[in-house]
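Here is work-v1.cif, consisting of mmCIF, C-alpha atoms and all ligand atoms:
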data_start
loop_
_atom_site.label_atom_id
_atom_site.label_comp_id
_atom_site.auth_asym_id
_atom_site.auth_seq_id
_atom_site.Cartn_x
_atom_site.Cartn_y
_atom_site.Cartn_z
CA MET D 962 90.14 163.22 67.21
CA LYS D 963 88.07 162.44 70.27
CA ILE D 964 89.99 160.59 72.97
CA LEU D 965 88.69 159.17 76.24
CA VAL D 966 91.13 159.32 79.16
CA LEU D 967 90.06 156.61 81.56
CA ASN D 968 91.50 156.24 85.06
CA GLY D 969 90.82 153.30 87.31
CA VAL D 970 91.02 152.34 90.91
CA ASN D 971 92.74 154.74 93.36
CA LEU D 972 93.77 157.15 90.59
CA GLY D 973 91.23 159.63 91.98
CA ARG D 974 93.61 160.05 94.92
CA THR D 975 96.54 161.09 92.75
CA GLY D 976 98.31 164.01 94.41
CA MET D 977 97.28 162.71 97.83
CA ARG D 978 98.64 159.15 97.91
CA GLU D 979 102.26 157.99 97.54
CA LYS D 980 103.41 161.41 96.33
CA ASP D 981 106.96 160.15 95.87
CA VAL D 982 105.65 157.70 93.27
CA TYR D 983 102.74 159.53 91.62
CA GLY D 984 103.60 163.20 92.21
CA THR D 985 101.80 166.03 93.98
CA GLN D 986 99.37 167.13 91.27
CA THR D 987 95.77 166.00 91.60
CA LEU D 988 94.05 164.06 88.83
CA GLU D 989 91.90 167.12 88.14
CA GLU D 990 95.04 169.23 87.65
CA ILE D 991 96.62 166.61 85.38
CA ASN D 992 93.39 166.32 83.39
CA ALA D 993 93.22 170.10 82.96
CA GLU D 994 96.75 170.00 81.50
CA LEU D 995 95.81 167.13 79.18
CA CYS D 996 92.76 169.05 78.02
CA GLY D 997 94.94 172.04 77.07
CA PHE D 998 97.57 169.80 75.47
CA ALA D 999 95.00 168.05 73.28
CA ALA D 1000 93.21 171.29 72.39
CA ALA D 1001 96.53 172.86 71.34
CA HIS D 1002 96.85 170.02 68.82
CA GLY D 1003 93.23 170.33 67.66
CA HIS D 1004 91.89 167.33 69.55
CA GLU D 1005 89.23 166.76 72.17
CA VAL D 1006 89.50 164.72 75.36
CA SER D 1007 86.90 163.44 77.80
CA PHE D 1008 87.70 162.12 81.24
CA LEU D 1009 86.36 159.43 83.52
CA GLN D 1010 87.75 158.00 86.75
CA SER D 1011 86.18 155.11 88.59
CA ASP D 1012 87.21 152.75 91.35
CA SER D 1013 84.73 150.23 89.98
CA GLU D 1014 85.91 147.54 87.58
CA GLY D 1015 82.42 147.24 86.09
CA ALA D 1016 82.16 150.98 85.45
CA LEU D 1017 85.48 150.86 83.59
CA CYS D 1018 84.24 147.96 81.44
CA THR D 1019 81.03 149.87 80.71
CA ALA D 1020 83.02 152.97 79.74
CA ILE D 1021 85.24 150.95 77.38
CA ALA D 1022 82.21 149.37 75.69
CA GLY D 1023 80.52 152.78 75.49
CA ALA D 1024 83.53 154.28 73.75
CA GLU D 1025 82.88 152.15 70.67
CA GLY D 1026 81.67 154.44 67.91
CA ASN D 1027 81.96 157.50 70.14
CA PHE D 1028 85.73 157.91 70.55
CA ASP D 1029 88.74 157.45 68.29
CA GLY D 1030 90.88 156.12 71.10
CA ILE D 1031 91.18 155.43 74.80
CA VAL D 1032 94.08 156.28 77.09
CA LEU D 1033 93.72 153.87 80.00
CA ASN D 1034 95.40 153.78 83.38
CA ALA D 1035 93.52 150.98 85.08
CA GLY D 1036 95.70 151.19 88.22
CA ALA D 1037 96.02 147.89 90.10
CA TYR D 1038 93.30 146.34 87.90
CA SER D 1039 95.92 146.28 85.13
CA HIS D 1040 97.62 143.41 86.89
CA TYR D 1041 94.68 141.03 87.22
CA SER D 1042 91.43 142.22 85.62
CA TYR D 1043 90.41 139.78 82.90
CA ALA D 1044 87.08 141.65 82.81
CA ILE D 1045 88.80 144.85 81.64
CA ARG D 1046 90.98 142.85 79.27
CA ASP D 1047 87.86 141.27 77.71
CA ALA D 1048 86.20 144.70 77.48
CA ILE D 1049 89.21 146.04 75.52
CA ALA D 1050 89.30 142.95 73.29
CA GLY D 1051 85.59 143.42 72.61
CA VAL D 1052 85.85 146.86 71.01
CA THR D 1053 87.58 148.11 67.89
CA VAL D 1054 88.53 151.45 69.45
CA PRO D 1055 92.28 151.38 70.10
CA VAL D 1056 93.45 151.52 73.70
CA VAL D 1057 96.84 152.77 74.88
CA GLU D 1058 97.78 151.59 78.36
CA VAL D 1059 99.39 154.08 80.70
CA HIS D 1060 101.23 153.89 84.00
CA MET D 1061 102.72 156.94 85.68
CA SER D 1062 105.31 154.86 87.50
CA ASN D 1063 107.79 152.45 85.94
CA VAL D 1064 105.91 149.32 86.95
CA CYS D 1065 108.77 147.16 85.67
CA ALA D 1066 111.09 148.65 88.30
CA ARG D 1067 108.71 148.09 91.23
CA GLU D 1068 107.24 145.06 93.03
CA GLU D 1069 107.11 141.75 91.17
CA PHE D 1070 103.28 141.75 90.94
CA ARG D 1071 103.33 145.04 89.00
CA ARG D 1072 105.62 143.73 86.27
CA LYS D 1073 102.78 141.87 84.54
CA SER D 1074 99.78 143.64 83.04
CA VAL D 1075 97.04 141.39 81.69
CA LEU D 1076 95.88 144.30 79.50
CA THR D 1077 98.98 144.95 77.40
CA GLU D 1078 98.36 142.12 74.93
CA VAL D 1079 95.03 143.62 73.86
CA CYS D 1080 96.22 147.23 73.82
CA ARG D 1081 97.74 149.10 70.89
CA GLY D 1082 100.72 150.04 73.04
CA GLU D 1083 101.88 151.00 76.48
CA VAL D 1084 103.55 154.06 78.03
CA LEU D 1085 105.01 153.82 81.50
CA GLY D 1086 107.36 155.58 83.86
CA PHE D 1087 107.01 159.23 82.83
CA GLY D 1088 104.66 160.47 85.54
CA LYS D 1089 101.86 162.67 84.20
CA ASN D 1090 103.73 162.86 80.90
CA SER D 1091 102.89 159.18 80.34
CA TYR D 1092 99.36 160.42 79.60
CA LYS D 1093 100.63 163.09 77.21
CA LEU D 1094 102.80 160.61 75.32
CA ALA D 1095 99.88 158.18 75.08
CA LEU D 1096 97.58 160.92 73.78
CA GLU D 1097 100.18 162.04 71.26
CA SER D 1098 100.51 158.48 69.94
CA PHE D 1099 97.02 158.81 68.47
CA TRP D 1100 97.81 161.75 66.21
CA LEU D 1101 101.52 161.26 65.47
C1 LIG D 1201 99.82 152.65 88.28
C2 LIG D 1201 100.68 151.45 88.66
C3 LIG D 1201 99.85 150.38 89.32
O1 LIG D 1201 100.67 149.27 89.67
C4 LIG D 1201 99.21 150.91 90.58
O2 LIG D 1201 98.39 149.93 91.16
C5 LIG D 1201 98.48 152.19 90.37
C6 LIG D 1201 99.04 153.19 89.47
C7 LIG D 1201 100.66 153.82 87.70
O3 LIG D 1201 100.08 154.74 87.16
O4 LIG D 1201 101.89 153.79 87.83
O5 LIG D 1201 97.47 152.45 91.02
O6 LIG D 1201 98.91 152.26 87.27
#

Can I see the file as structure tokens?
Amino acid sequence: MKILVLNGVNLGRTGMREKDVYGTQTLEEINAELCGFAAAHGHEVSFLQSDSEGALCTAIAGAEGNFDGIVLNAGAYSHYSYAIRDAIAGVTVPVVEVHMSNVCAREEFRRKSVLTEVCRGEVLGFGKNSYKLALESFWL
């Protein structure tokens, strides 16, 4: 399978920001691990991170016909971006939503994601392993 791992706003600073919440590994280091994890199971992953809502929508639309699935951590956009929600609803490629932190155990505004309803499923609270579990969901 070909899976797109898409990270949104501020995720490029993983390993540098709020280390107690998101850990000390950089996104590049996490992505390298995911690449090895997928390859060990015979699958291929591509990566994109953008702070731009529009770029994320464009990437979701562009995944149609080119990827078998998307693992998406949209960051704070998850909580209010109807544009990203519409982009997900507009493609047939399945999207699994990811959060490294347990957003349900944090501030009130993080408890609601406007994306979940249009995603195949959601993995949250397992740090970098949230990405691995989301990836695995595509081939289990
Ligand atoms: C996050 C949770 C979001 O609430 C937050 O805005 C992020 C990261 C997570 O991975 O836990 O930037 O998506």

Write as a list in words the residues around ligand LIG 1201 (chain D), taking 8 Å as the cut-off and counting only C-alpha atoms and all ligand atoms.
->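 Residues satisfying the distance criterion: Gly969, Val970, Asn971, Leu972, Val982, Tyr983, Asn1034, Ala1035, Gly1036, Ala1037, Tyr1038, Ser1039, His1040, Val1059, His1060, Met1061, Ser1062, Asn1063, Val1064, Arg1071, Leu1085, Gly1086 and Gly1088 of chain D.
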
Find the distance between atom CA of Thr975 of chain D and atom CA of Ala1000 of chain D and write it in Å to one decimal.
->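 Atom CA of Ala1000 of chain D lies 23.0 Å from atom CA of Thr975 of chain D.
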
D:Leu1033, D:Val1075, D:Ile1045, D:Ala1095 ranked by distance to Ala1016 of chain D, top pick (using only C-alpha atoms) =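 Closest candidate: D:Ile1045.
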
Residues within 12 Å of (88.8, 146.5, 71.0), counting only C-alpha atoms, listed as a PyMOL selection string = chain D and resi 1018+1021-1026+1028-1031+1045-1057+1076+1078-1081

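Atom CA of Gly973 of chain D to atom CA of Leu1101 of chain D spans 28.5 Å [interatomic distance, one decimal].
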
Closest of D:Leu1009, D:Ala1001, D:Tyr1041, D:Met962 to Lys1073 of chain D, counting all atoms listed in the file, is D:Tyr1041

Kindly give the distance, in Å, that separates atom CA of Ser1013 of chain D and atom CA of Glu990 of chain D, rounded to a single decimal.
-> 21.7 Å
